[in-house]
Each structure stands twice: as structure tokens, then as C-alpha cells.
Amino acid sequence: MRSYDFSPLMRSTVGFDRIEQLFNGMERASADNGFPPYNIIKTDGDHFRITMAVAGFTEDQLEVVANQNTLKISGKSADDKEEAEYLHRGLAARSFVQKFELAETIKVVGAAMENGLLHIDLVREIPEELKPRTIEINKGKLLESKAA
């Protein structure tokens, strides 16, 4: 029996509970270039956090935009006028755009920078009409139809 690894799909989607919805994001997940590295953390049942390593970027060089079901994070690197002679260049200082597909019930509630990490907090907000409700069971009789 084959076992399927769905982790590439989980990298670019937040808040989807059904596997068929994840397949819609498959094309997006396969286009992910891995820069900058990030984590998606589920802190509890309805709260999520995306933590992205953005060392070398300032708050002014980063942009976080939530538009409908898409979260777009972009960074514009500062153009160095001085060209230094690098003996080793391990820090990537290039511009990037990273997009995440969000479920309809996921809302972005804030973003903060701390120690070279960009934290974006998300929350699942389920409208009252979509929440489960308890149906009272009547003893012995059904409600009568008002149609005459």
C-alpha cells in the first residue's frame, strides 16, 4: 500500500480541514521555492501563526497584504551601492514574494517583527450560522405542518 506525503500541500494552506480543499492548493505548493524559510504553527484549535525568517530586512522593506483568501508577504531588498568582496556569502539578500491560500474562515489579526523573524497571527472565525446547533427532541409528537 502506498503512503502519500501531504506536507507540501500543508506549506501553503492555512485552516483547511478537508483534504479535497488541499488539492486545490497543490499547484501553489509545488511552485514554492523555499525562500525565505517559514513555519506554520497551530497554537490551539482556532489560532495559527506563520513565522518567517527575514533576517536582514527591516519593517519598511516588508509588506503583508491580506486580500480575500490570499495572504501575500513580500520583501524588497535594499540595493547595496558598495559592492563588497565576499569571501563567503551565506545570507540571501534577495527580494521575495510568498503567498498563502487561506480558508474562508481564516482572518489575519496582526503581524510583528522580532529578532529577524516576522510573525503573522491568524484566527479562525466561524459565523454563527455555520456553527453546529443542538436540536431539541420533542416527546411523543412531531411539530405539525402549517400547510393546509
# chains A, B, ... in the order shown; residues from 1 in each chain; ligands from 1
$ residues_around --residues "segment 56-72 of chain A" --least-positions-apart "4" --cutoff "7 Å" --atoms "only C-alpha atoms" --output "PyMOL selection string"
chain A and resi 76-77+97-104+108
$ write_last_selection --atoms "N, CA and C atoms" --output "tab-separated table (two decimals), in the first residue's frame"
chain	number	residue	atom	x	y	z
A	76	LYS	N	11.41	43.59	-0.17
A	76	LYS	CA	12.26	44.24	-1.17
A	76	LYS	C	13.62	44.49	-0.53
A	77	SER	N	14.64	43.88	-1.10
A	77	SER	CA	15.98	44.05	-0.53
A	77	SER	C	16.54	45.41	-0.90
A	97	VAL	N	8.59	37.07	-2.78
A	97	VAL	CA	7.14	37.13	-2.64
A	97	VAL	C	6.69	35.74	-2.25
A	98	GLN	N	5.95	35.64	-1.15
A	98	GLN	CA	5.44	34.36	-0.66
A	98	GLN	C	3.93	34.50	-0.49
A	99	LYS	N	3.18	33.57	-1.06
A	99	LYS	CA	1.72	33.63	-0.97
A	99	LYS	C	1.19	32.40	-0.25
A	100	PHE	N	0.12	32.62	0.52
A	100	PHE	CA	-0.56	31.55	1.24
A	100	PHE	C	-2.04	31.62	0.92
A	101	GLU	N	-2.62	30.47	0.62
A	101	GLU	CA	-4.06	30.38	0.42
A	101	GLU	C	-4.71	30.15	1.77
A	102	LEU	N	-5.69	30.96	2.12
A	102	LEU	CA	-6.37	30.86	3.41
A	102	LEU	C	-7.79	30.36	3.21
A	103	ALA	N	-8.28	29.58	4.15
A	103	ALA	CA	-9.67	29.16	4.13
A	103	ALA	C	-10.54	30.40	4.35
A	104	GLU	N	-11.80	30.32	3.94
A	104	GLU	CA	-12.70	31.47	4.04
A	104	GLU	C	-12.89	31.95	5.47
A	108	VAL	N	-6.56	37.34	9.15
A	108	VAL	CA	-5.26	37.80	9.63
A	108	VAL	C	-5.53	38.86	10.70
$ residues_around --residues "segment 110-121 of chain A" --least-positions-apart "4" --cutoff "7 Å" --atoms "only C-alpha atoms" --output "PyMOL selection string"
chain A and resi 48-55
$ atom_distance --atom1 "atom CA of Ile126 of chain A" --atom2 "atom CA of Gly45 of chain A"
11.9 Å
$ residues_around --residues "Phe96 of chain A" --least-positions-apart "4" --cutoff "8 Å" --atoms "only C-alpha atoms" --output "PyMOL selection string"
chain A and resi 35-36+74-76
$ closest_residue --among "A:Glu125, A:Glu85, A:Ala93, A:Gly34" --to "His47 of chain A" --atoms "only C-alpha atoms"
A:Glu125
$ closest_residue --among "A:Asn138, A:Ala92, A:Leu122, A:Val109" --to "Pro37 of chain A" --atoms "only C-alpha atoms"
A:Ala92
$ atom_distance --atom1 "atom CA of Lys131 of chain A" --atom2 "atom CA of Thr43 of chain A"
20.9 Å
$ atom_distance --atom1 "atom CA of Ile73 of chain A" --atom2 "atom CA of Leu130 of chain A"
29.6 Å
$ decode --residues "segment 49-97 of chain A" --atoms "C-alpha atoms" --output "CSV table (one decimal), in the first residue's frame"
chain,number,residue,atom,x,y,z
A,49,ARG,CA,0.9,31.7,13.4
A,50,ILE,CA,3.1,32.0,10.4
A,51,THR,CA,6.7,32.6,11.4
A,52,MET,CA,9.1,33.7,8.6
A,53,ALA,CA,12.9,34.1,8.8
A,54,VAL,CA,13.5,37.6,7.3
A,55,ALA,CA,17.0,38.4,8.7
A,56,GLY,CA,18.5,41.4,7.0
A,57,PHE,CA,15.1,43.0,6.2
A,58,THR,CA,13.5,45.9,8.1
A,59,GLU,CA,9.8,46.5,8.7
A,60,ASP,CA,9.9,49.2,5.9
A,61,GLN,CA,11.2,46.6,3.4
A,62,LEU,CA,8.4,44.1,4.2
A,63,GLU,CA,4.8,44.2,3.1
A,64,VAL,CA,2.0,41.9,4.4
A,65,VAL,CA,-1.3,42.1,2.4
A,66,ALA,CA,-4.4,40.0,3.1
A,67,ASN,CA,-6.8,40.0,0.2
A,68,GLN,CA,-9.9,37.7,0.3
A,69,ASN,CA,-8.5,34.2,0.7
A,70,THR,CA,-4.8,35.1,-0.1
A,71,LEU,CA,-2.1,36.3,2.2
A,72,LYS,CA,0.9,37.8,0.3
A,73,ILE,CA,4.2,38.6,2.1
A,74,SER,CA,6.8,40.4,0.1
A,75,GLY,CA,10.2,41.8,0.9
A,76,LYS,CA,12.3,44.2,-1.2
A,77,SER,CA,16.0,44.0,-0.5
A,78,ALA,CA,18.0,47.2,-0.2
A,79,ASP,CA,20.3,47.8,-3.2
A,80,ASP,CA,23.8,48.0,-1.9
A,81,LYS,CA,25.7,50.8,-3.7
A,82,GLU,CA,29.0,49.4,-2.4
A,83,GLU,CA,29.9,46.1,-3.9
A,84,ALA,CA,31.9,44.2,-1.3
A,85,GLU,CA,34.3,41.4,-1.9
A,86,TYR,CA,32.6,38.4,-0.3
A,87,LEU,CA,34.8,35.5,0.9
A,88,HIS,CA,31.6,33.6,1.7
A,89,ARG,CA,28.0,34.7,1.0
A,90,GLY,CA,25.6,32.6,3.1
A,91,LEU,CA,22.9,35.2,3.8
A,92,ALA,CA,20.4,35.6,1.0
A,93,ALA,CA,19.6,39.2,0.5
A,94,ARG,CA,17.2,39.0,-2.4
A,95,SER,CA,13.7,40.2,-2.8
A,96,PHE,CA,10.9,37.6,-2.4
A,97,VAL,CA,7.1,37.1,-2.6
